[in-house]
file query-v2.txt (compact mmCIF, C-alpha atoms (C1' of nucleotides))
# COMPACT_ATOMS: atom_id res chain seq x y z
CA MET N 1 -11.98 13.83 51.68
CA THR N 2 -9.46 16.50 52.45
CA GLN N 3 -6.35 17.39 50.53
CA PRO N 4 -3.09 16.75 52.29
CA GLU N 5 -1.70 20.14 53.14
CA ARG N 6 1.13 20.23 50.73
CA ILE N 7 2.85 23.01 48.89
CA VAL N 8 4.27 22.02 45.54
CA ILE N 9 6.38 24.17 43.23
CA ALA N 10 6.56 23.57 39.50
CA VAL N 11 9.53 25.14 37.71
CA ASP N 12 9.66 25.22 33.93
CA MET N 13 12.22 26.97 31.75
CA ASP N 14 10.72 29.28 29.15
CA TYR N 15 11.18 28.05 25.53
CA PHE N 16 14.24 26.27 26.85
CA TYR N 17 16.32 25.23 23.84
CA ALA N 18 15.69 28.51 22.06
CA GLN N 19 16.54 30.46 25.20
CA CYS N 20 19.81 28.54 25.49
CA GLU N 21 20.60 29.62 21.93
CA GLU N 22 19.72 33.17 22.86
CA LEU N 23 22.44 32.99 25.53
CA ARG N 24 25.17 32.37 23.00
CA HIS N 25 23.63 34.43 20.21
CA PRO N 26 22.46 37.52 22.12
CA GLU N 27 22.40 39.53 18.89
CA TYR N 28 19.30 37.52 17.95
CA SER N 29 17.28 38.16 21.09
CA GLY N 30 14.02 39.76 20.06
CA LYS N 31 14.24 38.07 16.66
CA PRO N 32 12.79 34.67 15.78
CA ILE N 33 14.98 31.80 16.96
CA ILE N 34 14.13 28.29 15.83
CA VAL N 35 15.79 25.15 17.12
CA GLY N 36 15.35 22.41 14.58
CA MET N 37 15.90 18.70 14.38
CA PHE N 38 17.17 17.86 10.93
CA SER N 39 16.57 14.40 9.53
CA GLY N 40 19.31 14.83 6.93
CA ARG N 41 17.03 13.60 4.16
CA THR N 42 17.04 16.94 2.37
CA GLU N 43 18.55 20.31 3.26
CA ILE N 44 15.46 21.44 5.16
CA SER N 45 13.81 18.15 6.08
CA GLY N 46 13.00 18.01 9.78
CA ALA N 47 10.80 19.52 12.46
CA VAL N 48 10.85 22.39 14.94
CA ALA N 49 11.91 21.34 18.45
CA THR N 50 11.33 24.73 20.09
CA SER N 51 11.07 28.34 19.08
CA ASN N 52 11.15 31.61 20.98
CA TYR N 53 8.21 34.01 21.28
CA PRO N 54 8.98 36.19 18.23
CA ALA N 55 8.95 32.96 16.17
CA ARG N 56 5.74 31.73 17.78
CA LYS N 57 4.13 35.03 16.89
CA LEU N 58 4.67 34.02 13.26
CA GLY N 59 3.00 30.65 13.90
CA ILE N 60 6.23 28.68 14.26
CA ARG N 61 5.55 26.15 17.01
CA SER N 62 7.06 22.87 18.16
CA GLY N 63 6.49 19.98 15.81
CA ILE N 64 5.82 21.78 12.56
CA PRO N 65 7.98 20.93 9.53
CA LEU N 66 11.04 23.12 9.11
CA ALA N 67 9.99 23.82 5.53
CA THR N 68 6.72 25.28 6.81
CA ALA N 69 8.65 27.35 9.34
CA LYS N 70 10.81 28.72 6.55
CA GLN N 71 7.72 29.83 4.67
CA LEU N 72 6.27 31.52 7.72
CA LEU N 73 9.53 33.40 8.23
CA LYS N 74 9.44 34.88 4.72
CA ASP N 75 12.22 37.46 4.74
CA THR N 76 12.31 38.00 8.49
CA ASP N 77 15.79 38.12 9.99
CA HIS N 78 16.07 34.99 12.10
CA LEU N 79 18.28 32.28 13.57
CA LEU N 80 17.64 28.65 12.66
CA VAL N 81 19.97 26.18 14.32
CA LYS N 82 20.34 22.46 14.78
CA ALA N 83 19.47 21.21 18.26
CA ASP N 84 22.60 20.88 20.42
CA PHE N 85 21.47 18.65 23.25
CA GLU N 86 24.85 18.46 24.97
CA TYR N 87 24.81 22.20 25.39
CA TYR N 88 21.21 22.27 26.66
CA GLU N 89 21.98 19.37 28.99
CA SER N 90 24.94 21.20 30.54
CA ILE N 91 22.77 24.23 31.29
CA SER N 92 19.98 22.00 32.57
CA GLN N 93 22.32 20.31 35.04
CA LYS N 94 23.38 23.64 36.53
CA ILE N 95 19.73 24.58 37.00
CA MET N 96 18.73 21.24 38.49
CA ASN N 97 21.62 21.41 40.94
CA ILE N 98 20.36 24.76 42.14
CA LEU N 99 16.82 23.43 42.53
CA LYS N 100 17.92 20.31 44.40
CA GLY N 101 19.16 22.49 47.23
CA TYR N 102 15.69 23.81 48.01
CA SER N 103 13.96 20.59 49.00
CA GLU N 104 14.73 16.98 49.77
CA LYS N 105 11.66 16.16 47.72
CA PHE N 106 12.91 17.18 44.32
CA VAL N 107 11.86 15.50 41.09
CA GLN N 108 13.29 16.37 37.71
CA GLU N 109 10.52 15.80 35.19
CA SER N 110 12.40 16.54 31.98
CA ILE N 111 15.39 18.50 30.74
CA ASP N 112 13.73 21.81 31.54
CA GLU N 113 11.14 21.07 34.20
CA ALA N 114 11.12 20.07 37.86
CA PHE N 115 8.82 19.79 40.86
CA LEU N 116 9.62 20.41 44.51
CA ASP N 117 7.59 19.64 47.57
CA ILE N 118 8.41 22.57 49.84
CA THR N 119 5.81 21.92 52.53
CA ASN N 120 8.47 21.47 55.19
CA ALA N 121 10.82 24.12 53.88
CA VAL N 122 8.20 26.86 54.27
CA ARG N 123 6.15 25.22 57.04
CA GLY N 124 3.01 25.36 54.98
CA ASP N 125 3.17 29.11 54.53
CA TYR N 126 2.23 30.29 51.02
CA ASN N 127 3.78 33.71 51.51
CA ARG N 128 7.09 32.13 52.31
CA ALA N 129 6.61 29.81 49.36
CA ALA N 130 6.28 32.78 47.03
CA GLU N 131 9.42 34.36 48.49
CA LEU N 132 11.29 31.11 48.03
CA ALA N 133 10.12 30.89 44.43
CA THR N 134 11.37 34.39 43.73
CA GLU N 135 14.69 33.48 45.26
CA ILE N 136 14.89 30.39 43.07
CA LYS N 137 14.09 32.37 39.93
CA ASP N 138 16.71 34.97 40.78
CA ARG N 139 19.39 32.40 41.42
CA ILE N 140 18.73 30.55 38.19
CA MET N 141 18.90 33.83 36.31
CA LYS N 142 22.06 34.98 38.07
CA GLU N 143 23.91 31.71 37.75
CA THR N 144 22.80 30.58 34.29
CA GLY N 145 21.09 33.53 32.61
CA ILE N 146 17.94 31.49 32.03
CA ARG N 147 14.41 32.72 32.69
CA CYS N 148 11.83 30.32 34.03
CA SER N 149 8.25 30.29 35.21
CA VAL N 150 7.06 29.01 38.55
CA GLY N 151 3.72 27.74 39.79
CA ILE N 152 2.87 27.18 43.44
CA ALA N 153 -0.15 25.12 44.47
CA PRO N 154 -1.33 22.35 46.80
CA ASN N 155 -0.40 19.60 44.32
CA LYS N 156 1.53 18.81 41.19
CA LEU N 157 -1.42 19.03 38.84
CA VAL N 158 -2.41 22.56 39.82
CA ALA N 159 1.21 23.69 40.26
CA LYS N 160 1.85 22.72 36.65
CA MET N 161 -1.21 24.65 35.49
CA ALA N 162 -0.18 27.64 37.58
CA CYS N 163 3.27 27.47 36.03
CA ASP N 164 1.76 27.47 32.54
CA ALA N 165 -0.35 30.46 33.50
CA ALA N 166 2.81 32.22 34.68
CA LYS N 167 4.60 31.95 31.33
CA PRO N 168 6.79 33.63 30.40
CA ASN N 169 9.07 34.56 33.28
CA GLY N 170 6.29 34.71 35.85
CA LEU N 171 5.12 33.37 39.18
CA VAL N 172 1.57 32.27 39.94
CA VAL N 173 0.41 31.16 43.36
CA VAL N 174 -2.81 29.19 43.75
CA ARG N 175 -3.78 28.72 47.38
CA PRO N 176 -6.10 25.83 48.32
CA ASP N 177 -9.04 28.25 48.63
CA ASN N 178 -8.46 29.53 45.13
CA VAL N 179 -8.13 26.25 43.26
CA GLN N 180 -11.74 26.21 42.08
CA SER N 181 -11.74 29.78 40.84
CA PHE N 182 -8.35 29.27 39.22
CA LEU N 183 -9.69 26.31 37.24
CA GLU N 184 -12.86 28.06 36.16
CA GLY N 185 -13.01 28.71 32.46
CA LYS N 186 -9.69 27.00 31.76
CA PRO N 187 -9.77 24.86 28.60
CA VAL N 188 -9.76 21.11 29.26
CA ASP N 189 -6.47 20.66 27.47
CA SER N 190 -4.74 22.80 30.07
CA ILE N 191 -4.99 19.72 32.29
CA LEU N 192 -1.84 17.61 32.29
CA GLY N 193 -2.63 14.49 30.28
CA ILE N 194 -5.42 15.96 28.19
CA GLY N 195 -4.24 16.81 24.71
CA GLY N 196 -5.83 17.40 21.35
CA LYS N 197 -7.46 14.00 20.89
CA THR N 198 -9.04 13.82 24.32
CA ALA N 199 -10.11 17.47 24.11
CA GLU N 200 -11.88 16.67 20.84
CA ARG N 201 -13.70 13.69 22.38
CA LEU N 202 -14.78 15.86 25.29
CA LYS N 203 -16.00 18.52 22.91
CA GLN N 204 -18.33 15.93 21.39
CA LEU N 205 -19.78 15.58 24.89
CA GLY N 206 -20.27 19.33 25.07
CA VAL N 207 -17.29 19.88 27.33
CA THR N 208 -14.61 22.43 26.56
CA THR N 209 -13.76 23.89 29.96
CA VAL N 210 -12.58 22.40 33.23
CA ASP N 211 -15.72 23.45 35.11
CA GLN N 212 -17.89 21.80 32.45
CA LEU N 213 -15.77 18.69 32.87
CA ALA N 214 -16.50 18.78 36.60
CA LYS N 215 -20.20 18.47 35.83
CA LEU N 216 -19.81 15.05 34.20
CA PRO N 217 -20.52 12.21 36.63
CA LEU N 218 -17.72 9.80 37.42
CA HIS N 219 -19.44 6.79 35.85
CA ARG N 220 -19.95 8.69 32.62
CA LEU N 221 -16.26 9.57 32.39
CA GLN N 222 -15.24 6.03 33.25
CA ALA N 223 -17.58 4.57 30.64
CA GLU N 224 -16.03 6.86 28.07
CA PHE N 225 -12.35 6.73 28.94
CA GLY N 226 -11.89 3.67 31.14
CA ASN N 227 -11.73 3.41 34.91
CA LYS N 228 -8.34 4.84 35.54
CA LEU N 229 -8.38 7.74 33.11
CA GLY N 230 -12.03 8.50 33.92
CA LEU N 231 -11.21 8.81 37.60
CA TYR N 232 -8.15 10.91 36.84
CA TYR N 233 -10.19 13.37 34.74
CA TYR N 234 -12.93 13.48 37.39
CA LEU N 235 -10.47 14.41 40.13
CA ALA N 236 -8.38 16.69 37.92
CA ALA N 237 -11.46 18.75 37.05
CA ARG N 238 -11.74 19.44 40.79
CA GLY N 239 -8.08 20.26 41.20
CA ILE N 240 -7.55 17.11 43.24
CA ASP N 241 -4.27 15.26 42.87
CA GLU N 242 -2.91 13.36 45.81
CA GLU N 243 -0.05 11.70 43.99
CA PRO N 244 3.19 12.28 45.84
CA LEU N 245 6.09 13.53 43.79
CA HIS N 246 8.09 10.60 42.56
CA GLU N 247 10.81 9.85 40.03
CA LYS N 248 9.73 7.76 37.10
CA GLU N 249 12.31 5.14 36.52
CA GLN N 250 13.24 4.63 32.95
CA ASP N 251 12.09 1.25 31.71
CA GLN N 252 12.99 1.44 28.08
CA ILE N 253 15.92 2.64 26.02
CA GLY N 254 15.27 3.36 22.40
CA ARG N 255 16.59 5.26 19.41
CA MET N 256 14.95 6.24 16.15
CA LEU N 257 16.07 7.69 12.91
CA THR N 258 14.69 8.89 9.62
CA LEU N 259 15.85 6.80 6.69
CA LYS N 260 17.74 8.55 3.92
CA GLN N 261 15.24 6.94 1.57
CA ASP N 262 11.87 5.35 2.15
CA SER N 263 12.36 1.61 2.13
CA ARG N 264 11.03 -1.84 2.91
CA ASP N 265 14.38 -3.53 2.43
CA VAL N 266 15.10 -5.41 5.64
CA ASN N 267 18.87 -5.39 5.10
CA TYR N 268 18.95 -1.68 4.48
CA ILE N 269 16.80 -0.94 7.52
CA THR N 270 18.74 -3.31 9.76
CA GLU N 271 21.89 -1.49 8.74
CA ALA N 272 20.27 1.80 9.66
CA LEU N 273 19.29 0.41 13.05
CA SER N 274 22.85 -0.87 13.53
CA SER N 275 24.07 2.68 13.16
CA ILE N 276 22.11 3.83 16.22
CA LEU N 277 22.75 0.70 18.25
CA PRO N 278 26.03 1.92 19.80
CA ASP N 279 24.13 4.79 21.45
CA ILE N 280 21.73 2.33 23.02
CA GLU N 281 24.60 0.07 24.03
CA LYS N 282 26.39 2.94 25.78
CA ASP N 283 23.22 3.85 27.67
CA LEU N 284 22.68 0.25 28.67
CA GLU N 285 26.25 -0.18 29.92
CA ARG N 286 26.37 3.14 31.71
CA ARG N 287 23.23 2.27 33.63
CA ARG N 288 24.33 -1.34 34.12
CA LEU N 289 21.12 -2.71 32.69
CA ALA N 290 20.11 -5.85 30.90
CA TYR N 291 17.07 -6.21 28.67
CA LYS N 292 14.50 -8.86 27.94
CA THR N 293 12.33 -7.31 25.25
CA VAL N 294 13.28 -5.97 21.85
CA SER N 295 10.84 -3.80 19.90
CA ILE N 296 10.99 -2.26 16.50
CA VAL N 297 8.97 0.72 15.44
CA VAL N 298 8.21 1.63 11.85
CA ILE N 299 6.76 4.98 10.89
CA ASP N 300 5.39 4.54 7.40
CA THR N 301 5.21 7.05 4.58
CA SER N 302 1.86 8.31 5.80
CA LEU N 303 3.46 8.84 9.24
CA LYS N 304 1.46 6.05 10.83
CA GLN N 305 3.28 4.20 13.55
CA HIS N 306 3.62 0.42 13.78
CA THR N 307 5.36 -1.60 16.49
CA ARG N 308 6.42 -5.21 16.85
CA ALA N 309 8.07 -6.77 19.87
CA ARG N 310 9.61 -9.98 21.07
CA THR N 311 10.42 -10.96 24.62
CA LEU N 312 13.31 -13.31 25.27
CA LYS N 313 13.30 -16.16 27.73
CA THR N 314 16.48 -14.89 29.31
CA ILE N 315 17.85 -11.47 30.11
CA GLU N 316 20.52 -10.19 27.78
CA THR N 317 23.16 -7.48 27.83
CA ASN N 318 24.71 -8.00 24.43
CA CYS N 319 23.19 -5.68 21.85
CA SER N 320 24.21 -7.79 18.87
CA VAL N 321 21.48 -10.15 20.02
CA ALA N 322 19.00 -7.27 19.88
CA ILE N 323 19.85 -6.41 16.30
CA GLU N 324 19.27 -10.01 15.21
CA ILE N 325 15.89 -10.04 16.93
CA ALA N 326 15.08 -6.71 15.33
CA LYS N 327 15.93 -8.07 11.90
CA GLY N 328 13.58 -10.99 12.45
CA LEU N 329 10.81 -8.67 13.59
CA LEU N 330 11.31 -6.51 10.49
CA GLU N 331 11.14 -9.53 8.24
CA SER N 332 7.86 -10.75 9.66
CA PHE N 333 6.47 -7.21 9.77
CA PHE N 334 7.07 -6.52 6.09
CA SER N 335 5.80 -9.92 5.03
CA GLN N 336 2.57 -9.21 6.93
CA GLN N 337 2.37 -5.70 5.47
CA PRO N 338 3.04 -5.93 1.74
CA ASP N 339 2.10 -2.28 1.12
CA THR N 340 3.83 -0.54 4.00
CA VAL N 341 6.93 1.48 3.25
CA ALA N 342 9.11 2.73 6.12
CA ARG N 343 10.11 6.36 6.46
CA ARG N 344 11.42 6.32 10.03
CA VAL N 345 12.50 3.33 12.08
CA GLY N 346 13.54 2.69 15.64
CA ILE N 347 14.67 0.02 18.02
CA THR N 348 13.81 -0.11 21.72
CA LEU N 349 14.98 -2.33 24.55
CA SER N 350 12.66 -2.81 27.50
CA SER N 351 11.91 -5.07 30.46
CA LEU N 352 15.14 -3.69 31.85
CA ALA N 353 16.84 -5.06 34.94
CA LYS N 354 19.94 -4.14 36.85
CA VAL N 355 23.02 -6.23 36.17
CA GLU N 356 24.70 -7.39 39.36
CA GLY N 357 28.48 -7.26 39.65
CA GLN N 358 30.97 -6.27 36.98
CA LYS N 359 30.56 -9.11 34.54
CA ASN N 360 27.74 -9.05 32.08
CA ILE N 361 25.66 -12.12 31.43
CA THR N 362 27.40 -13.29 28.27
CA GLU N 363 30.80 -13.02 29.93
CA PHE N 364 29.45 -14.99 32.84
CA PHE N 365 28.27 -17.83 30.63
CA ASN N 366 31.25 -17.74 28.30
CA GLN N 367 33.43 -18.30 31.30
CA GLY N 368 31.73 -21.66 31.70
C1' DA H 1 -8.28 -15.56 37.85
C1' DA H 2 -3.86 -13.88 37.32
C1' DT H 3 -0.01 -12.75 34.70
C1' DG H 4 2.62 -11.65 30.69
C1' DA H 5 3.11 -10.38 25.98
C1' DT H 6 1.79 -7.63 22.20
C1' DA H 7 -0.13 -3.75 19.47
C1' DC H 8 -1.84 0.37 19.71
C1' DT H 9 -3.19 5.36 21.13
C1' DC H 10 -2.39 9.37 23.55
C1' DG H 11 0.31 12.88 25.59
C1' DG H 12 4.48 15.69 26.90
C1' DC H 13 8.80 17.68 25.98
C1' DT S 1 5.44 20.06 -7.66
C1' DT S 2 5.14 22.04 -1.08
C1' DA S 3 5.44 18.53 3.39
C1' DC S 4 6.97 16.13 9.06
C1' DG S 5 11.86 14.58 15.06
C1' DG S 6 13.19 11.72 18.42
C1' DC S 7 12.56 10.49 22.42
C1' DC S 8 9.84 8.87 26.76
C1' DG S 9 5.72 6.90 29.93
C1' DA S 10 0.72 5.72 30.92
C1' DG S 11 -2.95 3.35 29.68
C1' DT S 12 -6.29 0.11 27.09
C1' DA S 13 -7.67 -3.96 24.62
C1' DT S 14 -6.88 -8.45 23.44
C1' DC S 15 -4.91 -12.84 23.45
C1' DA S 16 -2.03 -16.70 25.27
C1' DT S 17 -0.34 -19.27 29.04
C1' DT S 18 -0.57 -21.08 33.50

call {"tool": "encode", "arguments": {"input": "query-v2.txt", "output": "C-alpha cells"}}
result
Amino acid sequence: MTQPERIVIAVDMDYFYAQCEELRHPEYSGKPIIVGMFSGRTEISGAVATSNYPARKLGIRSGIPLATAKQLLKDTDHLLVKADFEYYESISQKIMNILKGYSEKFVQESIDEAFLDITNAVRGDYNRAAELATEIKDRIMKETGIRCSVGIAPNKLVAKMACDAAKPNGLVVVRPDNVQSFLEGKPVDSILGIGGKTAERLKQLGVTTVDQLAKLPLHRLQAEFGNKLGLYYYLAARGIDEEPLHEKEQDQIGRMLTLKQDSRDVNYITEALSSILPDIEKDLERRRLAYKTVSIVVIDTSLKQHTRARTLKTIETNCSVAIEIAKGLLESFFSQQPDTVARRVGITLSSLAKVEGQKNITEFFNQG
DNA sequence: AATGATACTCGGC
DNA sequence: TTACGGCCGAGTATCATT
C-alpha cells in the first residue's frame, strides 16, 4: 500500500481568542490574558475558554474553573474578559477568506483552524509548499495581525501533528520519508482523536508513545477499541491517513445553558430552555432546515451528562413543537431519576433536512 | 439481516 | 466553607421494528 502523493497544510491560530483580545488590548501583551465563559450563576462562576502563554505558564488552561484561574493568578497583573464570539468570528472570516485563495481544496475545521490540499498548487514540491506556507503566515499577520502555526505533511493527520509541533508561530514540514522519525517518541495523545481517556487505557497496555502503539497488532487494537477505532489507531500510529479533506456537514443544532439554580422543576427548566430556543430557531431558519429529532441534555450536580431523545414521525420546522417535546422528555427523565438534580441543561435538534421552497411545513399544511 | 432510535462515551475547540 | 462552558461530531452498544 502506498500513500497517495498529497501535500496537506494545517493552519491553526495560536491561542486564538486570547490573541484576538491581545489585538485590542495591546497593553496586556506579555501579561496573562484569560478569555472566560461566565455562567452568570455567581460573579466568577464559569470556565476558561482560552488563555495566552503567560497565563498557561501559571497553569491556567482551557476548561479549568475561573475561580481556580483567579487563585493561580494571585496578584499578577492580568486581563480576564468574557468571550466575545462575534468579534472572534469576524477575525476568523478574514483569515479563512485569505486561506481559501490558496487552494480549491480548502476545509475550515473550526473557528481557528483549516486544512488545505495544496498538491496541485505546488506540484508536489515540498520546498514550494514551505514557501507557500510562509507566504500564508505573512499575509494573515499583515492583514489581521494574528499569528498562526502551520504544519505540512502528506496527510491531514500528520499535518495536524506537525502544526502542533510548530506552536507557537512556527512552521514544521514533515516529508513522506520523515513521517516515521517524526512520530517516534511522540505521546499517543498527540494523535488526533486520542485524548486523556484513551491514553489512559493504552497506558494500561504498556503503551505511551506512538511507536509503542505501532507495535500492537491490529486484532489486539480492534478487540480493545472496536473495529473502526482499532483500525484508525493502527494506521495513525504509522502516520497513514488516506482520508480526503472534506467538510463535515452540521447535523445537529443545539444550545445549552447553566441554570441560575440547580433544579429538577420541569416548568422552571422548560422556561430556561425556552430562553435559548430563539437562537436555535434563527439557526434553523437561516439554514433552511427542518428537524425530526428533539433531544434534551441534563448535566447533573456532579457534572454527569444525561441525554434523552424523541424522533417524530414527520419533519418539523416549528420550534414550539420542539419545546413541547422537550418538556415531555424532561418529565419522563425526572420521574425515572428521582435523585438527579440538573445544573446545566440543553436542547438539540437533529435529523436535519433541507426545506424546499419558501414555505415551511406548518405553513404548507395550514394552507390546506 | 438491515435499519432506525436511543443512551452513552470520548474527543476537540 | 473553595469548585466547573457551550458547543460540535464520531463511534459503540443495545434494543425495537420491519

call {"tool": "atom_distance", "arguments": {"input": "query-v2.txt", "atom1": "atom CA of Ala290 of chain N", "atom2": "atom CA of Ala272 of chain N"}}
result
22.6 Å

call {"tool": "residues_around", "arguments": {"input": "query-v2.txt", "residues": "Phe38 of chain N", "least_positions_apart": "4", "cutoff": "9 Å", "atoms": "only C-alpha atoms (C1' of nucleotides)", "output": "tab-separated table (two decimals) with C-alpha atoms (C1' of nucleotides), in the frame of the given file"}}
result
chain	number	residue	atom	x	y	z
N	42	THR	CA	17.04	16.94	2.37
N	43	GLU	CA	18.55	20.31	3.26
N	44	ILE	CA	15.46	21.44	5.16
N	45	SER	CA	13.81	18.15	6.08
N	46	GLY	CA	13.00	18.01	9.78
N	47	ALA	CA	10.80	19.52	12.46
N	48	VAL	CA	10.85	22.39	14.94
N	66	LEU	CA	11.04	23.12	9.11
N	82	LYS	CA	20.34	22.46	14.78
N	83	ALA	CA	19.47	21.21	18.26
S	5	DG	C1'	11.86	14.58	15.06

call {"tool": "interface_residues", "arguments": {"input": "query-v2.txt", "of": "chain N", "to": "chain S", "cutoff": "9 Å", "atoms": "only C-alpha atoms (C1' of nucleotides)", "output": "short mmCIF file (atom, residue, chain, number, x, y, z; two decimals) with C-alpha atoms, in the frame of the given file"}}
result
data_model
loop_
_atom_site.label_atom_id
_atom_site.label_comp_id
_atom_site.auth_asym_id
_atom_site.auth_seq_id
_atom_site.Cartn_x
_atom_site.Cartn_y
_atom_site.Cartn_z
CA GLY N 36 15.35 22.41 14.58
CA MET N 37 15.90 18.70 14.38
CA PHE N 38 17.17 17.86 10.93
CA SER N 39 16.57 14.40 9.53
CA SER N 45 13.81 18.15 6.08
CA GLY N 46 13.00 18.01 9.78
CA ALA N 47 10.80 19.52 12.46
CA VAL N 48 10.85 22.39 14.94
CA ALA N 49 11.91 21.34 18.45
CA GLY N 63 6.49 19.98 15.81
CA ILE N 64 5.82 21.78 12.56
CA PRO N 65 7.98 20.93 9.53
CA LEU N 66 11.04 23.12 9.11
CA ALA N 67 9.99 23.82 5.53
CA THR N 68 6.72 25.28 6.81
CA GLY N 226 -11.89 3.67 31.14
CA LYS N 228 -8.34 4.84 35.54
CA LEU N 229 -8.38 7.74 33.11
CA LYS N 248 9.73 7.76 37.10
CA GLN N 250 13.24 4.63 32.95
CA ASP N 251 12.09 1.25 31.71
CA GLN N 252 12.99 1.44 28.08
CA ILE N 253 15.92 2.64 26.02
CA GLY N 254 15.27 3.36 22.40
CA ARG N 255 16.59 5.26 19.41
CA MET N 256 14.95 6.24 16.15
CA LEU N 257 16.07 7.69 12.91
CA THR N 258 14.69 8.89 9.62
CA LEU N 303 3.46 8.84 9.24
#

call {"tool": "interface_residues", "arguments": {"input": "query-v2.txt", "of": "chain H", "to": "chain N", "cutoff": "7 Å", "atoms": "all atoms listed in the file", "output": "list in words"}}
result
DT6, DA7 and DG11 of chain H

call {"tool": "atom_distance", "arguments": {"input": "query-v2.txt", "atom1": "atom CA of Phe85 of chain N", "atom2": "atom CA of Phe16 of chain N"}}
result
11.1 Å

call {"tool": "atom_distance", "arguments": {"input": "query-v2.txt", "atom1": "atom CA of Asp14 of chain N", "atom2": "atom CA of Cys148 of chain N"}}
result
5.1 Å

call {"tool": "residues_around", "arguments": {"input": "query-v2.txt", "residues": "Lys105 of chain N", "least_positions_apart": "6", "cutoff": "8 Å", "atoms": "all atoms listed in the file", "output": "PyMOL selection string"}}
result
chain N and resi 116-118+245

call {"tool": "residues_around", "arguments": {"input": "query-v2.txt", "residues": "Lys142 of chain N", "least_positions_apart": "5", "cutoff": "12 Å", "atoms": "only C-alpha atoms (C1' of nucleotides)", "output": "PDB file with C-alpha atoms, keeping the file's coordinate frame"}}
result
ATOM      1  CA  LYS N  94      23.380  23.640  36.530  1.00  0.00           C
ATOM      2  CA  ILE N  95      19.730  24.580  37.000  1.00  0.00           C
ATOM      3  CA  ILE N  98      20.360  24.760  42.140  1.00  0.00           C
ATOM      4  CA  GLU N 135      14.690  33.480  45.260  1.00  0.00           C
ATOM      5  CA  ILE N 136      14.890  30.390  43.070  1.00  0.00           C
ATOM      6  CA  LYS N 137      14.090  32.370  39.930  1.00  0.00           C
ATOM      7  CA  ARG N 147      14.410  32.720  32.690  1.00  0.00           C
ATOM      8  CA  CYS N 148      11.830  30.320  34.030  1.00  0.00           C
TER       9      CYS N 148
END

call {"tool": "axis_aligned_box", "arguments": {"input": "query-v2.txt", "around": "chain H", "padding_each_side": "3 Å", "output": "lines of an AutoDock Vina configuration file"}}
result
center_x = 0.3
center_y = 1.1
center_z = 28.7
size_x = 23.1
size_y = 39.2
size_z = 24.4

call {"tool": "residues_around", "arguments": {"input": "query-v2.txt", "residues": "Arg24 of chain N", "least_positions_apart": "2", "cutoff": "12 Å", "atoms": "only C-alpha atoms (C1' of nucleotides)", "output": "PyMOL selection string"}}
result
chain N and resi 17-22+26-29+33+79+81+87-88+91+144-146
